[in-house]
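Chemist: Quick one: the structure is below, and I'll ask about it shortly.
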Amino acid sequence: MTTAILIVVAAGCTQLQEVRSSPPQTPSTMTSPSVVMKVKPDCGVIDVGSPRYGIRFHPTVVSAGDIVTVRGTTLRTEGGNFAPSFRAEIWWNTFVPLSIAAGATPVADGSPVLHLATVGDMDRCHFSTTFTVPDVPPGRYPVRVFIFEKGGYGISPPEHFTVRG
């Protein structure tokens with residue numbers, strides 16, 4: 001399969017990111033090439049320093065087994081435009097996800113590092129997912145969202161959860 005980058009500037013600022021086609025075929029097996037086009041969503045511009053940009057968790061005072069909703073904007077450039085990313089991973093009690101560094105040290109004592117959720121479809125303006133609060137001792141624990149893109153990954157500021165006894 002071959003991949004080519006195709007950029008189209010048109011009204012509405014729609015941009016095609018990638019075109020893939022099947023490998024060359026012999027005359028006896030000629031068919032139309034398959035084409036997959038990824039269209040960047042038109043999310044407008046969001047100031048990355050504004051309250052409109054970011055990730056929110058609800059609730060943050062919880063008990064083991066509670067369901068937490070995570071909502072936020074997908075990745076943006078410094079100019080506030082949509083930026084492509086592959087996935088978002090939500091992790092409990094760590095500075096580095098175990099998908100990057102096996103054996104990452106927990107931030108807070110009393111709880112292991114735990115993977116809570118993955119959001120795979122990041123080709124949109126906003127995302128939403130849920131996770132279940134793990135069975136951990138009462139205390140205060142950080143949860144972070146790691147957003148993976150072609151250059152590596154970025155980390156959100158932690159949201160601190162208070163787990164009741």
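Lettering and numbering for the structure tokens are positional, with chains as A, B, ... in the shown order, residues counted from 1 in each chain, and ligands counted from 1 in the shown order.
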Pick out the residues sitting within 8 Å of Phe127 of chain A, and hand them over as a list in words; count only C-alpha atoms, and ignore anything fewer than 6 positions along from it in its own chain.
Modeler: Arg71, Gly72, Thr73, Thr74 and Val119 of chain A
Chemist: Give me, as a Markdown table, each residue of segment 57-134 of chain A that comes within 10 Å of segment 143-154 of chain A, together with its shortest interatomic pair and the distance in Å at one decimal, counting only C-alpha atoms, with rows ordered by chain and rising residue number.
Modeler:
```
| residue | atom | partner | partner_atom | distance |
| --- | --- | --- | --- | --- |
| A:Phe57 | CA | A:Val143 | CA | 9.4 |
| A:Thr60 | CA | A:Val143 | CA | 9.9 |
| A:Val70 | CA | A:Val145 | CA | 9.5 |
| A:Thr74 | CA | A:Ile147 | CA | 8.5 |
| A:Leu75 | CA | A:Ile147 | CA | 7.5 |
| A:Ala83 | CA | A:Glu149 | CA | 8.7 |
| A:Pro84 | CA | A:Glu149 | CA | 6.8 |
| A:Ser85 | CA | A:Glu149 | CA | 4.2 |
| A:Phe86 | CA | A:Glu149 | CA | 5.5 |
| A:Arg87 | CA | A:Phe148 | CA | 5.5 |
| A:Ala88 | CA | A:Ile147 | CA | 4.4 |
| A:Glu89 | CA | A:Phe146 | CA | 5.2 |
| A:Ile90 | CA | A:Val145 | CA | 4.5 |
| A:Trp91 | CA | A:Arg144 | CA | 5.5 |
| A:Trp92 | CA | A:Val143 | CA | 4.6 |
| A:Asn93 | CA | A:Val143 | CA | 5.8 |
| A:Thr94 | CA | A:Val143 | CA | 7.4 |
| A:Phe95 | CA | A:Arg144 | CA | 7.7 |
| A:Val96 | CA | A:Phe146 | CA | 8.5 |
| A:Pro97 | CA | A:Phe146 | CA | 7.6 |
| A:Ile100 | CA | A:Tyr153 | CA | 9.5 |
| A:Val107 | CA | A:Val143 | CA | 10.0 |
| A:Val113 | CA | A:Val143 | CA | 9.7 |
| A:Leu114 | CA | A:Val143 | CA | 9.5 |
| A:His115 | CA | A:Val143 | CA | 9.8 |
| A:Leu116 | CA | A:Val143 | CA | 9.0 |
| A:Ala117 | CA | A:Val145 | CA | 9.4 |
| A:Thr118 | CA | A:Val145 | CA | 9.3 |
| A:Val119 | CA | A:Ile147 | CA | 9.3 |
| A:Met122 | CA | A:Ile147 | CA | 9.2 |
```
Chemist: For Arg76 of chain A, find every residue with an atom within 9 Å (counting only C-alpha atoms), except residues of its own chain fewer than 2 positions away, and show them as a VMD selection string.
Modeler: chain A and resid 45 to 48 53 73 to 74 78 to 84
Chemist: Suppose we keep N, CA and C atoms; can you now write the selection as an mmCIF file, in the first residue's frame?
Modeler:
```
data_model
loop_
_atom_site.group_PDB
_atom_site.id
_atom_site.type_symbol
_atom_site.label_atom_id
_atom_site.label_comp_id
_atom_site.auth_asym_id
_atom_site.auth_seq_id
_atom_site.Cartn_x
_atom_site.Cartn_y
_atom_site.Cartn_z
ATOM 1 N N VAL A 45 -11.212 28.085 15.818
ATOM 2 C CA VAL A 45 -10.007 28.419 16.580
ATOM 3 C C VAL A 45 -10.387 28.527 18.051
ATOM 4 N N ILE A 46 -9.615 27.862 18.895
ATOM 5 C CA ILE A 46 -9.806 27.943 20.340
ATOM 6 C C ILE A 46 -8.492 28.428 20.938
ATOM 7 N N ASP A 47 -8.526 29.488 21.706
ATOM 8 C CA ASP A 47 -7.345 29.972 22.402
ATOM 9 C C ASP A 47 -6.949 28.911 23.423
ATOM 10 N N VAL A 48 -5.746 28.346 23.269
ATOM 11 C CA VAL A 48 -5.332 27.257 24.156
ATOM 12 C C VAL A 48 -5.124 27.717 25.596
ATOM 13 N N TYR A 53 -10.648 25.598 26.295
ATOM 14 C CA TYR A 53 -9.720 24.550 25.905
ATOM 15 C C TYR A 53 -9.329 23.746 27.134
ATOM 16 N N THR A 73 -11.518 19.019 24.750
ATOM 17 C CA THR A 73 -11.189 19.336 23.374
ATOM 18 C C THR A 73 -10.043 18.444 22.932
ATOM 19 N N THR A 74 -10.025 18.115 21.666
ATOM 20 C CA THR A 74 -8.903 17.368 21.117
ATOM 21 C C THR A 74 -7.725 18.314 20.936
ATOM 22 N N GLU A 78 -0.573 25.769 18.593
ATOM 23 C CA GLU A 78 -0.408 27.000 19.378
ATOM 24 C C GLU A 78 -1.338 28.091 18.881
ATOM 25 N N GLY A 79 -1.684 28.056 17.589
ATOM 26 C CA GLY A 79 -2.608 29.024 17.018
ATOM 27 C C GLY A 79 -4.065 28.712 17.295
ATOM 28 N N GLY A 80 -4.347 27.583 17.944
ATOM 29 C CA GLY A 80 -5.705 27.227 18.325
ATOM 30 C C GLY A 80 -6.469 26.396 17.320
ATOM 31 N N ASN A 81 -5.821 25.979 16.227
ATOM 32 C CA ASN A 81 -6.487 25.140 15.227
ATOM 33 C C ASN A 81 -6.344 23.662 15.571
ATOM 34 N N PHE A 82 -7.237 22.840 15.017
ATOM 35 C CA PHE A 82 -7.187 21.393 15.212
ATOM 36 C C PHE A 82 -5.810 20.859 14.822
ATOM 37 N N ALA A 83 -5.293 19.926 15.605
ATOM 38 C CA ALA A 83 -4.045 19.225 15.294
ATOM 39 C C ALA A 83 -4.324 17.730 15.389
ATOM 40 N N PRO A 84 -3.865 16.952 14.421
ATOM 41 C CA PRO A 84 -4.137 15.516 14.446
ATOM 42 C C PRO A 84 -3.431 14.821 15.611
#
```
Chemist: Just give me the gap between atom CA of Asp121 of chain A and atom CA of Lys40 of chain A in Å, one decimal is fine.
Modeler: 12.2 Å
